[in-house]
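K.L.:
I am attaching a structure below and will ask some questions about it afterwards.
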Amino acid sequence: MTLMPQLTHWWPRPHFSLFLLVLWLLLVNSVSPGQVLIGAVLGWLIPFSTQQFWPERPHLHNPGRLLLYMLRLLVDILRSNLTVARLILRDPDTLTPGFVRYPLSLTNEFAITMLASSISLTPGTVSAGLSPDRAYLLVHVLHLDDEDELIEQIRERYETPLREILE
Amino acid sequence: MMLLSTVALPLLGALITPLVSRRSTAILPALIAGTIGITMVSVLLSQAPDVLGGTILIEHYPWLPGIGLSPAFRLDALGLFFALIIAGMGLLITLYAHFYFAGKHGAVRFHSLMLAFMGAMLGIVTSENLLFMLVFWEMTSLVSFVLIGFHQDERPARRGARMTLVITGGGGLALMAGVLLIGNSVGSFQLSDILAPETALTSDPLYPWMLGLVLIGAMTKSAQFPFHLWLPNAMTAPTPVSAYLHSATMVKAGIFLLARLNPALGDTDAWLYSISTAGMATLLTGAFIAMFKHDTKELLAYSTVSHLGLITLLVGLSTRMAMVAALFHLLNHALFKAPLFMMAGAVQKATGTRDMRRINGLWRTLPALTVISAVAAASMAGLPLLGGYLSKKMFFIESLGAPVIMPLQWLTPALAAIAGLFSAAYSFRIFHNVFFNGKPQDLPVWPPKNPGVGIQIPAAVLALAVVLVSWHAESVVHGLIGPVASAAAGVALPDYDMHQLHHIGTAFFMSLAAMLGGLLVYMAREPLFRLYDQLPPADAREIFEWLMTRAGGRAERLVHALENGSVQRYIALIILSAIVLAGPVLLSGIQWHGGETMTPVDPLTGLGLVLLMATAVGAVLGHHQRLFALLLLGSAGLFVTLTFARFSAPDLALTQLSVEVMAVIIMMLALSFLPQTTPRESSRLRKGRDLGVAALGGLGIGLVSFAIMTRPHSTIADFFLSQSKPGGGGSNVVNVILVDFRGFDTLGEITVLGIAAVAVFALTRNLQLKDRIPQERDQYWASNPHPLILRTMARPILPIALMVSAYIFLRGHNMPGGGFIAGLITAVALSLQYMAGSLAWAHERMLTPFRPLIGLGLLLACGTGLGSLLFGEAFLSSWFGHYKLPLLGHLELATALLFDLGVFTTVVGATLLILANLGKLMTVHGPGKEIG
Amino acid sequence: MTATVLPIALALFSLSLLLNLYRLLRGPDIVDRILGLDTLNVNAIAVIVLGGIYMDSSLIFEAALLIALMGFVSTVAMTKYLVRGDVIE
Amino acid sequence: MEALYATAVGVLTACGIYLVLRGRTFPVIMGLTLLSHGVNLFLFASGRLALAAPAVIGESADPTDPLPQALVLTAIVISFAMTAFVVVLALRAAVELRNDHVDGVDPEEDWRP
Amino acid sequence: MNHLPVLPILLPLITGALLVTLPRLGLNAQRFISLGATVAGLGLVLWLGSMVLEHGRMVYALGGWAPPFGIVLVPDRLSVLMLVLTATLALPALIYACRGDDDAGAHFHALFQFQLMGLNGAFLTGDIFNLFVFFEVLLIASYALLLHGGGTARSRAGLHYVIINLIGSALFLLALGMLYGLTGTLNMADLAVRISQAPQAGQPLLQAASLVLLVVFGVKAALLPLLFWLPRAYTAAAAPVAALFAVMTKVGLYAMIRVFPLVFALDEPLAALTAWQWLWPLALATLALGGIGVLGATSLRNMTAYMVIVSTGTLMAIIALGSTEALAAALFYLVHTTLLTGGFFLFADLIARQRGAAGDYMVVTAAMKDRRTLGILFFFGAVALAGLPPFSGFVSKAWMLQASLAEGAAGIFWPLLLGAGFLMLVALSRAGSKFFWRQSPERDHDMRADRVRLACVIVLVGAGLALSLAAAPLMDYTRSVAAQLMAPGDYVRAAQEADLRLTGGH
Amino acid sequence: MMGESMALPFWLDALIALLLLSGALVALLGSIGLARMPDVYMRLHGPTKASTLGVGATLLGSMIWFGVGHEGLSAQEVLITVFLFATAPVSAHMMARAALHRRVACREGTHGEPWDEMDRLPGYAESSSSSDNQR
Ligand code: NA
Ligand code: NA
């Protein structure tokens with residue numbers, strides 16, 4: 001380990017730096033020039049000094065669609081909560097839980113993560129594992145009616161958009 | 001100066017001898033010692049006329065006047081008498097030793113030690129300061145110890161030496177106590193004050209203690225019963241030592257001391273009975289046993305014991321003339337015993353043994369020595385007209401007039417006569433058995449060789465002295481012993497009536513009876529020996545060793561029963577001590593409720609506190625399941641955090657939370673190498689005891705806490721609140737206290753953290769964890785350690801957490817936050833990378849190794865504090881300023897921030913160093929490779 | 001209206017805390033306990049935020065932020081421990 | 001509130017003491033942690049309990065005593081350092097002594113070589 | 001402004017930090033830095049001593065904050081005594097360590113410096129919480145030093161030592177909480193004033209606090225029944241560390257004589273303090289146990305550890321008498337015993353290095369190569385330790401006996417003190433004869449004693465003689481220390497009158 | 001305690017109240033699920049969704065409350081919310097994985113028990129990290 005190992009990129013993540021600047025201004029709750037300066041410096045310095053920890057570069061094709069995806073996800077989350085609320089208050093004995101293997105077609109790591117997260121946040125499903133060869137996601141379903149329908153739903157609502165956005 | 005140099009010269013000689021003699025001829029040490037001896041004798045003799053005339057020479061050298069410990073010397077007749085014996089005898093022994101050690105190694109050591117001893121002995125007898133005398137007193141014990149152990153490779157020598165040291169050293173300690181009591185009572189340790197007529201020690205309530213302690217000191221030194229055991233065992237020393245230390249000088253120190261203190265302590269019933277009883281017991285024991293010893297030196301040793309008893313008895317008798325008798329006998333004993341020892345040494349040289357059953361008929365080989373020994377033995381036996389006869393007769397006379405209570409009046413002379421009888425018997429024996437009594441039997445050296453003239457000269461000189469003293473007994477007694485005895489008695493004594501020694505009275509018949517009886521006993525020795533052999537064997541040395549070993553063993557067992565290595569017990573003792581000490585004080589009339597009104601309980605806070613207690617109790621109940629208990633511990637930490645947050649301590653809440661998580665992670669890292677469960681091994685009793693201790697402790701702390709919280713409160717806090725902004729430049733008072741008002745505490749605190757991290761580094765550096773304690777879980781270890789989802793999510797968390805950390809850091813001075821918390825956030829964020837990636841992966845990406853971070857953090861904090869020195873301010877004086885900059889607007893700069901940066905850096909470095917090195921243990925790369 | 005709702009919300013969250021603690025103490029598996037603690041952390045965030053509204057002070061929100069961060073990290077650490085027997089390797 | 005708080009301090013301390021008296025290193029370390037919780041809360045309370053009165057200038061009219069907070073902060077940090085150290089030491093001792101008993105051995109065993 | 005008071009803390013801190021910052025630094029460079037700093041530290045404390053002699057007492061307000069608000073360092077005669085003693089002991093111990101002990105583990109020199117920093121800080125501070133902090137600094141450093149070099153015995157002893165001291169620290173905090181909760185201050189002088197003015201209702205709690213402090217300091221000072229951690233810890237530690245530890249028990253003692261007379265007995269006699277009353281019986285019991293332990297020890301190291309206990313028992317017993325003279329005698333003895341026991345820890349190691357597997361255990365082995373030199377040295381050291389003349393042990397013993405007699409305490413104290421001395425004599429003579437007199441017939445060990453190590457031992461053992469020769473000035477000094485301690489009012493006045501302005505924003 | 005001075009528009013007040021109350025209810029629902037469900041996998045569902053959402057709603061309410069007229073909009077709540085939503089699935093994933101690896105039993109009647117295949121997939125060795133191979 002040497003002091004300052006390969007810090008190759010002088011500005012590794014411009015978008016992220018911008019995000020950090022905004023985050024800083026929100027945190028300090030001020031837009032004074034001094035704070036902007038500090039935020040800008042930190043926004044550059046932190047990604048710069050930690051770039052080795054984040055070697056992957058997700059290529060975002062369409063930030064707008066990602067936002068849209070997020071919005072849809074939010075709606076699904078709200079819906080899922082209503083579903084889960086109903087299930088939780090039901091007699092647990094009437095539930096039919098199960099594990100479902102969801103065959104993945106995504107390859108991008110970030111995309112897989114997004115998908116897994118989306119599954120976990122939405123109706124009655126938790127992504128419980130990723131097969132070591134990344135061939136499928138193991139999904140636990142609180143109340144399993146129809147396995148194929150569930151897989152189809154996930155593919156349609158989440159995986160396909162994600163592939164389009166991220167791969 | 002004269003007396004000081006008298007003492008110092010031999011001591012100096014002792015130091016010089018080994019230095020100069022290392023590679024020179026064998027004669028040099030003897031030459032040095034001899035020169036010193038001659039100087040001593042002549043110096044002392046030059047003072048003799050004045051001193052014997054009543055002059056007392058005193059010299060003071062103030063050293064530690066505060067505790068009365070100052071070298072002070074005094075030469076009066078008593079001192080001179082002893083000093084002459086010491087110096088004169090020393091001179092002769094030096095001569096003797098030169099021949100004794102011819103061809104052997106050890107002469108340098110011997111002469112050096114002899115000189116040291118001579119100096120010490122002279123110091124004892126010329127000390128004016130009683131406390132300082134102890135210096136010499138103990139020195140003689142120590143030198144004696146070394147000399148007895150001269151032949152280190154011989155087991156009896158080592159044992160004898162240790163026994164002597166233990167007995168005489170112990171006696172020295174008692175003497176020290178006695179001297180201190182005397183000095184305290186008199187108000188001075190100077191003999192002039194102690195011996196002054198107006199001193200009335202005998203009426204001091206502590207007089208029995210003084211007497212007892214001094215007596216123990218004197219008795220141990222002078223080998224009085226029952227402390228006499230060391231003397232025969234000291235015979236392992238080279239013969240010159242025996243002759244000098246153990247017959248002529250050191251053993252007389254006790255008697256000297258008694259004589260010296262006689263005016264101050266004597267003349268009481270206690271003195272009379274204690275000393276004379278001890279003396280009598282010694283006299284009889286020594287005389288009786290001596291007869292049965294086949295070893296020449298052992299016989300002489302017991303004989304010495306016996307004669308010392310006799311002298312002691314006389315000192316104790318306190319009759320007007322007993323002191324004269326005592327001192328005269330002391331002189332005679334020195335004169336006749338030393339040549340006998342010298343004879344024993346010479347005979348040993350001639351025959352290779354000291355066993356009188358083998359040594360016989362040596363008169364042919366050693367005719368001169370036969371004559372010399374005849375004179376000495378005759379004096380010892382008390383044959384008429386020799387010194388021994390005279391002094392022994394004096395003794396009989398004194399025993400007849402002993403001021404003992406009525407029914408015992410006959411006892412003293414009777415016992416004295418019996419002792420005299422044995423004394424005569426062993427005197428005959430040592431002479432007859434060695435020089436006559438048939439032919440020698442299987443001697444190691446055959447034929448016996450004459451050891452030369454030189455070695456016999458000192459003995460001849462002494463034999464001559466015996467004759468001279470006997471011849472001029474009257475002038476010796478009147479001219480020398482008289483003044484000496486007067487000095488010892490403290491009052492001028494009339495001249496001893498020498499004529500009564502020539503009367504044919506009771507004393508004469510006692511002498512006669514002793515002599516004849518002694519002859520008879522000697523004749524009947526063979527059956528007596530057989531009788532004696534049937535007595536149960538009692539080897540003092542063996543008994544002593546057994547005692548010592550046993551005492552050591554007992555001590556070891558006792559100590560290890562207490563210090564049994566069980567930290568559980570030690571902890572219980574500590575906590576119990578606190579309870580036992582503080583408990584009673586608290587229970588005595590304390591008002592628990594201090595009078596302040598209590599804050600009302602709101603349900604949520606109440607619930608939080610109840611949950612806090614529940615988690616703690618849960619952790620105790622579930623502590624056998626370690627991970628579960630750890631979880632509960634973590635939640636207890638969470639509730640503590642919430643408690644701090646609730647009671648207006650946001651900084652504390654932040655710190656507690658971060659620390660808790662870090663601590664739990666560290667404990668979990670360790671747990672993976674430890675058993676997952678704790679066995680149930682405490683007995684019911686132990687659990688009960690622990691519960692009791694815990695309940696008492698908890699109750700006490702709870703009550704005290706309640707008592708304090710309900711008491712009115714006035715603190716220095718107002719200062720901090722009012723000065724925080726104007727003086728410290730920050731509105732978060734807690735932070736200003738930490739980095740400014742009490743920044744020194746914080747400096748210490750981060751130093752502790754830094755040291756802990758470095759210590760963890762050092763501890764784990766070479767730790768081999770090859771053998772992880774087997775766990776049932778092992779079979780499932782087969783999965784990707786760095787799940788994709790975690791890995792991906794950990795990426796963006798790092799920069800965001802760092803941003804938060806920067807935010808917390810920068811706001812710390814004015815809002816909750818600060819360097820410590822920021823440092824922990826950074827460390828946690830980085831440790832997440834360790835978990836999500838791997839140690840190696842994450843470690844390659846660190847910008848810097850961790851130890852320099854710790855050091856630099858400390859240096860930065862320290863350097864910030866030092867900066868104020870440049871401005872003439874105290875260490876850690878803070879400085880801050882507000883600036884309006886164009887474009888950037890308002891800006892505050894403060895040294896406190898720099899200090900806090902030091903804190904931040906240290907915390908990051910320390911925490912990561914600990915984590916990385918613990919994590920390192922888990923990797924297959926394992927130890928060996930330093931991390932951080 | 002907020003003022004009226006606030007105590008109710010706090011009471012509900014307290015109830016949640018109790019349920020979380022129940023799971024934490026009850027188990028049965030260690031994963032259940034971790035889950036209980038994790039949820040406890042999340043609910044504690046809400047309690048802190050509500051407390052902030054109650055006291056009209058956002059001073060302790062950093063504590064909430066920290067609980068979120070630290071809670072996550074500790075959950076990750078514990079689950080890693082369960083799967084791998086170690087946290088960092 | 002003070003009574004309840006004091007009870008909590010007492011219970012934490014008692015739990016700490018009980019665990020500290022156990023025979024294995026791990027419970028002892030947990031006990032030390034609980035004990036330091038109890039003591040920290042005790043030290044904190046020496047500034048008295050105050051609600052909604054953080055010692056931040058301008059946040060509260062009657063701020064609480066900040067000094068005990070600073071002291072407890074120092075104490076927390078120090079006890080963290082100590083805990084980290086003792087954990088590693090316990091680990092090392094367990095590895096070297098092949099046993100995680102606090103005494104490393106059966107207490108009856110003779111400790112001398 | 002005179003910054004001398006803070007430098008004995010900063011110098012080792014900066015040195016230690018520097019050594020941590022440069023972890024790749026070669027061992028020789030580390031030694032050079034560490035030795036240089038230690039020598040400079042000795043110079044510093046001597047200089048500080050001369051200043052204190054001139055002014056009587058200095059008050060250094062850190063950060064410029066006037067007491068009682070900020071932390072003050074109050075070097076007085078007692079502090080100087082302890083500082084010089086520590087520096088004097090540290091130097092030979094460090095030199096000894098530089099002959100190879102420092103290479104047995106990581107960061108010896110940094111830890112050694114941190115240890116010095118903790119000790120010096122504890123001796124200088126006038127703030128009770130700051131005292132706690134420095135206690136922790138010196139403790140964590142001592143934990144690490146104790147474990148330096150590794151091995152099972154160290155791990156076990158270290159674990160006990162650490163756990164016990166952690167509990168001690170918890171108790172310390174408890175006492176501090178009580179004191180602050182009742183008085184609202186931390187500066188010792190201010191505490192003293194506030195305690196003396198505290199209402200009657202608060203007295204039991206304050207007394208309880210003082211008793212908890214007694215336990216805390218008692219653990220550090222090795223007071224029965226709190227001392228059982230000591231023998232094994234001191235026996236297990238590397239020799240130079242154990243030597244330095246000789247001063248560690250004295251820290252507890254220092255804290256007692258610093259805190260109790262000043263803080264709890266400002267206006268009333270010390271003897272009226274409950275904590276002080278407890279000290280006497282406990283100290284006597286300690287003394288007795290120490291004596292027995294010395295007799296029962298099986299290795300020279302272990303024996304020396306028990307001699308440390310004897311010395312703490314003696315010290316605390318004599319201190320418990322509470323008179324100025326007794327205190328002065330105790331302080332003289334403290335100097336003597338610290339240097340001598342420190343030297344003997346080194347000596348035990350020196351012997352052990354000569355005897356192969358037998359180490360310093362009292363068993364018979366083949367003769368040592370240097371047995372004459374070592375034997376003579378042992379003889380003098382033993383004589384000095386057992387309190388026989390002409391060494392400082394004798395002087396201090398004579399003084400302590402007299403002082404206790406003046407207080408009417410001779411009846412119990414004398415037999416115990418003299419008895420312990422007697423037991424030491426017995427044990428040391430046995431040890432000496434086993435080490436130097438009795439040899440098994442095997443071939444002699446042919447390793448020579450390292451000259452530098454030997455010199456270190458000679459210096460420390462020779463201190464027995466030097467202290468005896470220079471006893472008069474040292475006695476005067478300890479008298480003046482005791483007089484200063486017994487007049488806590490002066491301390492309070494000095495601290496209160498410290499002419500300081502508030503610094504901060506300019 | 002609550003700032004009495006400020007006058008909140010009714011609808012905003014109502015919104016905040018609604019957010020707080022619904023947030024609390026949803027979170028409670030999650031906790032009930034945690035307490036009530038029969039196996040660990042089913043218990044995971046409540047907290048990951050409900051509690052996150054409930055707390056999110058509370059945070060949103062707080063954000064509005066502080067943002068309007070109090071201390072101005074502050075980012076902490078946003079940050080916390082985002083953070084919670086980002087991490088909750090990861091936590092759930094990790095816990096589920098842990099449960100699977102510990103072979104924590106699921107309720108009887110659960111479809112498709114996954115034990116064996118998770119550990120014995122083809123290509124497992126290649127895809128796992130280097131340290132695995134050496135164990
Ligand atoms: Na802060
Ligand atoms: Na989470």
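Chain labels A, B, ... are given in the sequence in which chains occur in the structure tokens; within each chain residues are numbered consecutively from 1, and ligands are likewise numbered from 1 in the order shown.
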List all protein, DNA and RNA residues that have any atom at most 12 Å from ligand 1, counting only C-alpha atoms and all ligand atoms, and write the list as an MDAnalysis selection string.
P.N.:
(chainID B and resid 649:656 730:740 743 746 808:823 896:897 900:901 903:904) or (chainID C and resid 62) or (chainID D and resid 55:56 66 69:74)
K.L.:
Among chain C, which residues carry a DSSP assignment of alpha helix (DSSP H), reported as a PyMOL selection string?
P.N.:
chain C and resi 2-26+30-55+61-84
K.L.:
Kindly provide, as a list in words, all nucleotide and amino acid residues lying within 9 Å of ligand 2, counting only C-alpha atoms and all ligand atoms.
P.N.:
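Protein and nucleic-acid residues within 9 Å of ligand 2: Asp38, Thr39, Asn41, Val42, Ala68, Leu69, Gly71, Phe72, Val73, Thr75 and Val76 of chain C; Pro47, Thr48, Thr52, Phe83, Leu84, Phe85, Ala86, Thr87, Ala88, Pro89, Val90, Ser91 and Ala92 of chain F.
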K.L.:
Emit the selected residues as a compact mmCIF listing (two decimals), in the first residue's frame, including C-alpha atoms.
P.N.:
```
# COMPACT_ATOMS: atom_id res chain seq x y z
CA ASP C 38 -33.18 -3.45 12.56
CA THR C 39 -36.82 -2.50 12.71
CA ASN C 41 -33.65 1.22 14.65
CA VAL C 42 -35.98 2.36 11.91
CA ALA C 68 -30.04 5.10 9.80
CA LEU C 69 -26.40 4.77 8.79
CA GLY C 71 -28.26 0.65 11.91
CA PHE C 72 -27.66 -0.40 8.36
CA VAL C 73 -24.02 -1.06 8.90
CA THR C 75 -27.34 -5.16 10.33
CA VAL C 76 -24.97 -5.86 7.47
CA PRO F 47 -40.45 -4.20 8.25
CA THR F 48 -38.86 -3.89 4.82
CA THR F 52 -39.68 1.99 5.80
CA PHE F 83 -31.07 6.25 2.75
CA LEU F 84 -33.74 4.11 4.34
CA PHE F 85 -35.31 3.29 1.00
CA ALA F 86 -31.96 2.46 -0.46
CA THR F 87 -30.78 0.29 2.35
CA ALA F 88 -33.95 -1.50 3.44
CA PRO F 89 -33.88 -3.95 0.52
CA VAL F 90 -30.20 -4.61 1.07
CA SER F 91 -30.76 -5.32 4.74
CA ALA F 92 -33.68 -7.56 3.90
```
K.L.:
Considering only C-alpha atoms, return as JSON, numbers by chain whatever protein or nucleic-acid residues lie within 10 Å of Ala90 in chain E, sequence-local ones (same chain, fewer than 3 positions apart) excluded.
P.N.:
{"E": [35, 38, 39, 41, 42, 84, 85, 86, 87, 93, 94, 95, 96, 112, 113, 115, 116, 240, 241, 243, 244, 245, 247, 339, 342]}
K.L.:
Pull the strand (DSSP E) assignments for range 52-285 of chain B out of DSSP run on the backbone, and list those residues as JSON, numbers by chain.
P.N.:
{"B": [57, 58, 59, 60, 72, 73, 74, 75]}
K.L.:
Can you work out which residues from chain B touch chain A at a cut-off of 7 Å (counting only C-alpha atoms) and hand them back as a ChimeraX atom specification?
P.N.:
/B:789,792,795,799,844-845,847-848,887-889
K.L.:
Would you save the residues of that selection, restricted to N, CA, C and O atoms, as a short mmCIF file (atom, residue, chain, number, x, y, z; two decimals), in the first residue's frame?
P.N.:
```
data_model
loop_
_atom_site.label_atom_id
_atom_site.label_comp_id
_atom_site.auth_asym_id
_atom_site.auth_seq_id
_atom_site.Cartn_x
_atom_site.Cartn_y
_atom_site.Cartn_z
N ILE B 789 -25.38 -7.39 -4.19
CA ILE B 789 -26.30 -6.29 -3.89
C ILE B 789 -25.71 -5.37 -2.84
O ILE B 789 -25.79 -4.15 -2.94
N THR B 792 -22.78 -3.38 -4.46
CA THR B 792 -23.21 -2.29 -5.31
C THR B 792 -23.73 -1.12 -4.48
O THR B 792 -23.44 0.04 -4.78
N ARG B 795 -21.17 1.22 -2.66
CA ARG B 795 -20.38 2.18 -3.44
C ARG B 795 -20.82 3.62 -3.18
O ARG B 795 -20.02 4.43 -2.75
N PRO B 799 -19.17 7.93 -0.46
CA PRO B 799 -19.03 9.39 -0.60
C PRO B 799 -20.13 10.17 0.12
O PRO B 799 -19.85 11.24 0.68
N GLU B 844 -6.39 -1.84 -0.37
CA GLU B 844 -5.58 -1.30 -1.46
C GLU B 844 -6.02 0.10 -1.84
O GLU B 844 -5.27 0.87 -2.41
N ARG B 845 -7.25 0.39 -1.52
CA ARG B 845 -7.81 1.65 -2.00
C ARG B 845 -7.74 2.76 -0.97
O ARG B 845 -8.17 3.88 -1.23
N LEU B 847 -6.19 5.68 1.08
CA LEU B 847 -5.21 6.67 0.62
C LEU B 847 -3.92 6.62 1.44
O LEU B 847 -2.86 6.99 0.96
N THR B 848 -4.04 6.20 2.64
CA THR B 848 -2.87 6.25 3.51
C THR B 848 -2.93 5.10 4.51
O THR B 848 -4.02 4.62 4.84
N LEU B 887 -17.21 38.27 -2.01
CA LEU B 887 -17.71 37.13 -2.75
C LEU B 887 -18.14 35.97 -1.84
O LEU B 887 -19.23 35.44 -1.96
N LEU B 888 -17.29 35.59 -0.92
CA LEU B 888 -17.59 34.42 -0.11
C LEU B 888 -18.45 34.74 1.09
O LEU B 888 -19.08 33.86 1.67
N GLY B 889 -18.44 35.99 1.47
CA GLY B 889 -19.28 36.37 2.60
C GLY B 889 -18.63 36.07 3.93
O GLY B 889 -17.40 36.01 4.05
#
```
K.L.:
If you count only C-alpha atoms, which residues fall within 12 Å of Asp718 in chain B, apart from same-chain ones fewer than 3 positions away, as a PyMOL selection string?
P.N.:
(chain B and resi 713-715+721-724+733) or (chain D and resi 55+57+62-67) or (chain E and resi 69+184-185)
K.L.:
Find the residues around Thr751 in chain B up to 10 Å (only C-alpha atoms counted), leave out those fewer than 5 positions away in its own chain, and share them as a ChimeraX atom specification.
P.N.:
/B:745-746,756-757,854-855,857-858,903,906-907,910 /D:78,81 /E:13,16-17,114,117-118,133-134,136-137,140-141
K.L.:
Each residue of chain C with at least one atom at most 7 Å from chain F should appear once, together with its nearest atom pair and the corresponding distance in Å (one decimal); atoms considered: only C-alpha atoms; ordering: chain, then increasing residue number; output as a tab-separated table.
P.N.:
```
residue	atom	partner	partner_atom	distance
C:Met1	CA	F:Asp13	CA	6.2
C:Thr2	CA	F:Ala17	CA	4.6
C:Val5	CA	F:Ala17	CA	5.8
C:Ala9	CA	F:Ala24	CA	5.3
C:Leu12	CA	F:Ala24	CA	5.8
C:Phe13	CA	F:Ala24	CA	5.9
C:Ser16	CA	F:Leu28	CA	5.0
C:Leu19	CA	F:Ser31	CA	6.0
C:Asn20	CA	F:Ser31	CA	6.2
C:Arg23	CA	F:Ala35	CA	5.9
C:Val31	CA	F:Ala99	CA	6.1
C:Asp32	CA	F:Val40	CA	6.0
C:Thr39	CA	F:Pro47	CA	6.0
C:Asn43	CA	F:Val55	CA	6.7
C:Ala46	CA	F:Val55	CA	5.5
C:Val49	CA	F:Ser62	CA	6.9
C:Ile53	CA	F:Ser62	CA	6.8
C:Tyr54	CA	F:Met2	CA	5.4
C:Met55	CA	F:Met1	CA	5.4
C:Asp56	CA	F:Met2	CA	5.2
C:Phe61	CA	F:Gln76	CA	6.7
C:Leu65	CA	F:Ile80	CA	5.6
C:Ala68	CA	F:Ile80	CA	6.6
C:Phe72	CA	F:Thr87	CA	6.8
C:Thr75	CA	F:Ser91	CA	6.6
C:Val76	CA	F:Ser91	CA	6.4
C:Thr79	CA	F:Ala98	CA	5.7
C:Leu82	CA	F:Ala98	CA	5.9
C:Val83	CA	F:Ala98	CA	5.3
```
K.L.:
For Ser105 in chain A, list every protein, DNA or RNA residue within 10 Å, evaluated using only C-alpha atoms, and leave out those in the same chain fewer than 5 positions away; present the list as a list in words.
P.N.:
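Returned residues: Ile112, Arg134, Ala135, Tyr136, Arg155, Glu159, Thr160 and Arg163 of chain A.
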K.L.:
Write out as number ranges by chain each polymer residue whose atoms come within 12 Å of Arg443 in chain E, counting only C-alpha atoms; drop sequence neighbours fewer than 2 positions from it.
P.N.:
E: 355, 365-369, 439-441, 445-447
K.L.:
Could you tell me which residues of chain B sit within 6 Å of chain C when counting only C-alpha atoms, and give me the result as a list in words?
P.N.:
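The selection requested is Pro650, Leu654, Leu669, Ser672, Trp781, Tyr834, Met835, Ser838, Leu839, Gly919, Met922 and Thr923 of chain B.
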K.L.:
Pick out the chain B residues within 7 Å of chain D. Count only C-alpha atoms. Give them as a PyMOL selection string.
P.N.:
chain B and resi 565-568+571-572+598-601+609+613+616-617+620+623+646-649+652+656+659+663+666-667+670+690-691+694-695+697-699+701-703+705-706+708-709+717+731-734+737-738+746+749+752-753+756+760+767+769+815
K.L.:
Could you check how far CA of Val216 in chain E sits from CA of Ile167 in chain E, in Å to one decimal?
P.N.:
8.8 Å
K.L.:
Could you list, as a list in words, every residue of chain E that has an atom within 6 Å of an atom of chain D, counting only C-alpha atoms?
P.N.:
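Here they are: Thr152, Ser155, Leu174, Gly177 and Gly181 of chain E.
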K.L.:
My list of candidates is F:Met37, F:Ile64, F:Met42, F:Ala75. Which is closest to Leu25 in chain A when distances are computed with only C-alpha atoms?
P.N.:
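That would be F:Ala75, the residue with the smallest distance to Leu25 in chain A.
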K.L.:
Compare A:Arg86, A:Arg57, A:His15, A:His9 by their minimum atom-to-atom distance to chain F, counting only C-alpha atoms, and give me the closest one.
P.N.:
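Smallest separation from chain F among the options: A:Arg86.
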K.L.:
Of the candidates B:Ala326, B:Ala801, B:Ile418, B:Leu308, which one gets nearest to chain F if we count only C-alpha atoms?
P.N.:
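Once distances to chain F are computed over only C-alpha atoms, the minimum belongs to B:Ala801.
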K.L.:
What is the distance, in Å and to one decimal place, between CA of Glu930 in chain B and CA of Ala759 in chain B?
P.N.:
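Between these atoms lies a distance of 13.4 Å.
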K.L.:
Show me, as a list in words, every residue of chain A with an atom at most 6 Å from chain F, counting only C-alpha atoms.
P.N.:
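Result, ordered by chain then number: Leu26, Leu27, Asn29, Asn81, Ile88, Pro97, Gly98, Phe99, Ser117, Ser120, Leu121, Ser127, Ala128, Gly129, Pro132 and Leu142 of chain A.
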